[in-house]
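Chemist: Dumping the structure here so I can ask a few things about it.
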Amino acid sequence: MNEKMKQTYFTEELLNWYKTSERSMPWKGERNPYLIWLSEIILQQTRVAQGLPYYERFKAKYPTVIDLANAPEDELMKMWEGLGYYSRARNLHATAKIIATEYKGVFPKDYKTILSLKGVGPYTAAAIASFAYDLPYAVVDGNVYRVLSRFFGIGLAIDSTAGKKKFANLAQAVLDISEPGVYNQAIMDFGATCCTPKTPNCKNCNLKRSCVAFQKKEIEKYPFKSKKLKKRTRYFNFLILEDSKGRVLIHKRLEKDIWQQLYQFPLIETDAVIDETYLGKLDLVQSLCKADGNAVLIPSRPFSQVLSHQKIIATFWKIKVTKHSKVGKSVFKMVPSADLENYAFPRVIDLFLQDKTLYLDVR
């Protein structure tokens with residue numbers, strides 16, 4: 001079988017598989033580009049089971065792109081809370097405003113313009129273009145890399161320039177241009193349910209007869225990555241400064257770092273886990289507690305959150321004071337503990353608030 005015949009065989013058999021194995025999801029068959037875009041942004045780096053309730057909530061709360069554009073930032077971030085990769089939410093909001101103003105609420109209809117939108121890469125642009133407008137652009141994501149590399153036996157690293165080019169060209173070559181949306185959904189479903197990363201269902205796969213990885217018994221070899229992700233560990237010490245009225249200090253993260261635009265308690269980052277003596281000598285603690293010489297520091301157990309490039313180890317220090325310093329009034333604000341549920345926090349802070357290892361009258 002020559003290369004062209006193998007490509008044709010792949011496309012035909014994939015679509016045959018899809019006729020009887022299609023996943024049922026609420027955005028399937030959706031033609032509204034706004035809702036397609038919304039679902040694709042939510043599903044970036046997110047499992048369908050986790051993203052589905054968020055999609056339903058966003059769709060109900062913001063039925064049009066105009067509604068999303070007009071949403072208060074804090075409200076939108078609270079809606080996104082728990083999904084992670086918060087730059088997606090910021091880009092979602094920024095793009096909604098652009099569409100509302102520059103495009104008068106009408107989603108762009110050509111691939112290049114869609115691709116130019118903030119937070120929209122080639123995969124998302126191809127998904128929107130093919131699902132909403134039947135434009136012939138192939139999606140290329142982790143599922144597609146895995147399926148194509150295994151079936152065609154491609155050993156090029158998917159994170160290399162040559163590899164990305166090879167897979168992009170191949171994905172376009174096997175695309176069914178008569179029904180690009182159906183084909184794109186088929187290959188994504190196939191990678192998610194049959195040709196999975198671990199324990200793929202090769203036994204019931206109708207493509208196995210010509211699958212290089214299956215025939216050579218090298219399924220675990222594909223896809224190939226040349227770079228291994230190195231994670232760094234960061235140690236966060238959050239200060240729960242609570243006054244006699246049950247109010248605590250919080251502020252919004254504005255610096256270009258993780259969790260931008262989310263709220264947090266006053267933070268001190270250290271090189272390792274620290275004790276009460278060490279913490280009490282630090283400038284921020286001294287400043288916040290200088291009005292009360294009897295402040296007591298009580299640590300929580302460590303909480304952790306694993307991100308794509310780093311691991312956060314967080315300790316929460318409750319500081320009980322009868323009167324607090326006014327330091328940093330432009331940065332920090334005092335809010336009742338009972339109102340914390342109205343603010344969007346990083347996952348690690350939510351874990352602490354739900355655990356209540358240190359007693360706070362919230363949630």
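We name chains A, B, ... following the order of the structure tokens; residues begin at 1 in each chain, and ligands are numbered from 1 as shown.
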Tell me which protein, DNA and RNA residues are within 10 Å of Lys4 (chain A), counting only C-alpha atoms, leaving out same-chain ones fewer than 5 positions away, and put them as a list in words.

Modeler: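 The filter keeps Tyr9, Phe10, Ala173 and Val174 of chain A.
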
Chemist: I need the residue nearest Leu279 (chain A) from this list: A:Ser308, A:Asn143, A:Gln261, A:Asn237. Use only C-alpha atoms for the distance.

Modeler: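 Closest residue, counting only C-alpha atoms: A:Asn237.
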
Chemist: Tell me, as a compact mmCIF listing (two decimals) with N, CA and C atoms, in the first residue's frame, which residues lie within 12 Å of Gln50 (chain A), counting only C-alpha atoms; anything in the same chain fewer than 5 positions away does not count.

Modeler:
```txt
# COMPACT_ATOMS: atom_id res chain seq x y z
N SER A 39 -16.51 26.22 24.33
CA SER A 39 -16.24 24.83 24.71
C SER A 39 -14.78 24.46 24.46
N ILE A 42 -12.51 26.03 27.19
CA ILE A 42 -12.70 25.33 28.46
C ILE A 42 -12.00 23.97 28.43
N LEU A 43 -12.03 23.29 27.29
CA LEU A 43 -11.47 21.94 27.19
C LEU A 43 -9.95 21.92 26.96
N GLN A 44 -9.34 23.09 26.76
CA GLN A 44 -7.88 23.11 26.65
C GLN A 44 -7.28 22.67 27.99
N GLN A 45 -6.41 21.67 27.95
CA GLN A 45 -5.74 21.18 29.17
C GLN A 45 -6.73 20.68 30.22
N TYR A 55 -18.79 24.43 31.17
CA TYR A 55 -19.40 24.84 29.90
C TYR A 55 -20.88 25.15 30.08
N GLU A 56 -21.57 24.27 30.78
CA GLU A 56 -23.01 24.47 30.99
C GLU A 56 -23.28 25.74 31.80
N TRP A 80 -14.71 30.67 36.75
CA TRP A 80 -13.65 29.81 36.22
C TRP A 80 -12.93 29.05 37.34
N GLY A 82 -11.22 26.77 39.82
CA GLY A 82 -11.10 25.32 39.86
C GLY A 82 -10.69 24.69 38.55
N LEU A 83 -10.79 25.44 37.44
CA LEU A 83 -10.43 24.89 36.13
C LEU A 83 -8.93 24.97 35.86
N GLY A 84 -8.25 25.89 36.54
CA GLY A 84 -6.82 26.03 36.33
C GLY A 84 -6.48 26.75 35.03
```

Chemist: List the spatial neighbours of Cys195 (chain A) as a list in words - criterion: any atom at most 9 Å away, only C-alpha atoms, same-chain residues fewer than 2 positions off excluded.

Modeler: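 My reading of the contact set: Asn143, Arg146, Val147, Arg150, Phe190, Gly191, Ala192, Thr193, Pro197, Lys198, Thr199, Pro200, Asn201, Cys202 and Cys205 of chain A.
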
Chemist: Identify which of the residues A:Lys318, A:His309, A:Arg247, A:Lys281 lies closest to Asp339 (chain A), counting only C-alpha atoms when measuring atom-to-atom distances.

Modeler: A:Arg247

Chemist: Give me, as a list in words, all polymer residues having an atom no more than 9 Å from Phe58 (chain A), counting only C-alpha atoms and skipping those fewer than 5 positions away in the same chain.

Modeler: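 Answer for this query is Leu38, Pro53, Pro63, Leu68, Leu76, Met79 and Trp80 of chain A.
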
Chemist: For Gly29 (chain A), which residue among A:Gln172, A:Ser116, A:Thr11, A:Asn184 is the nearest when counting only C-alpha atoms?

Modeler: A:Asn184

Chemist: Based on DSSP run over this structure's backbone, return all residues of region 72-299 of chain A in strand (DSSP E), as a list in words.

Modeler: Arg232, Thr233, Arg234, Tyr235, Phe236, Asn237, Phe238, Leu239, Ile240, Leu241, Glu242, Arg247, Val248, Leu249, Ile250, His251, Lys252, Tyr263, Gln264, Leu267, Ile268, Glu269, Thr270, Val296, Leu297, Ile298 and Pro299 of chain A

Chemist: Within 9 Å of region 133-136 of chain A, counting only C-alpha atoms, which residues show up once you throw out same-chain ones fewer than 6 positions away? Write them as a list in words, please.

Modeler: Arg31, Pro33, Lys109, Asp110, Tyr111, Ala126, Gln172, Leu175, Asp176, Ile177, Ser178, Glu179, Pro180 and Gly181 of chain A

Chemist: Which residue gives the smallest distance to Tyr34 (chain A) among A:Asp67, A:Glu3, A:Glu218, A:Glu12, with only C-alpha atoms counted?

Modeler: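 Residue with the minimum atom-to-atom distance to Tyr34 (chain A): A:Asp67.
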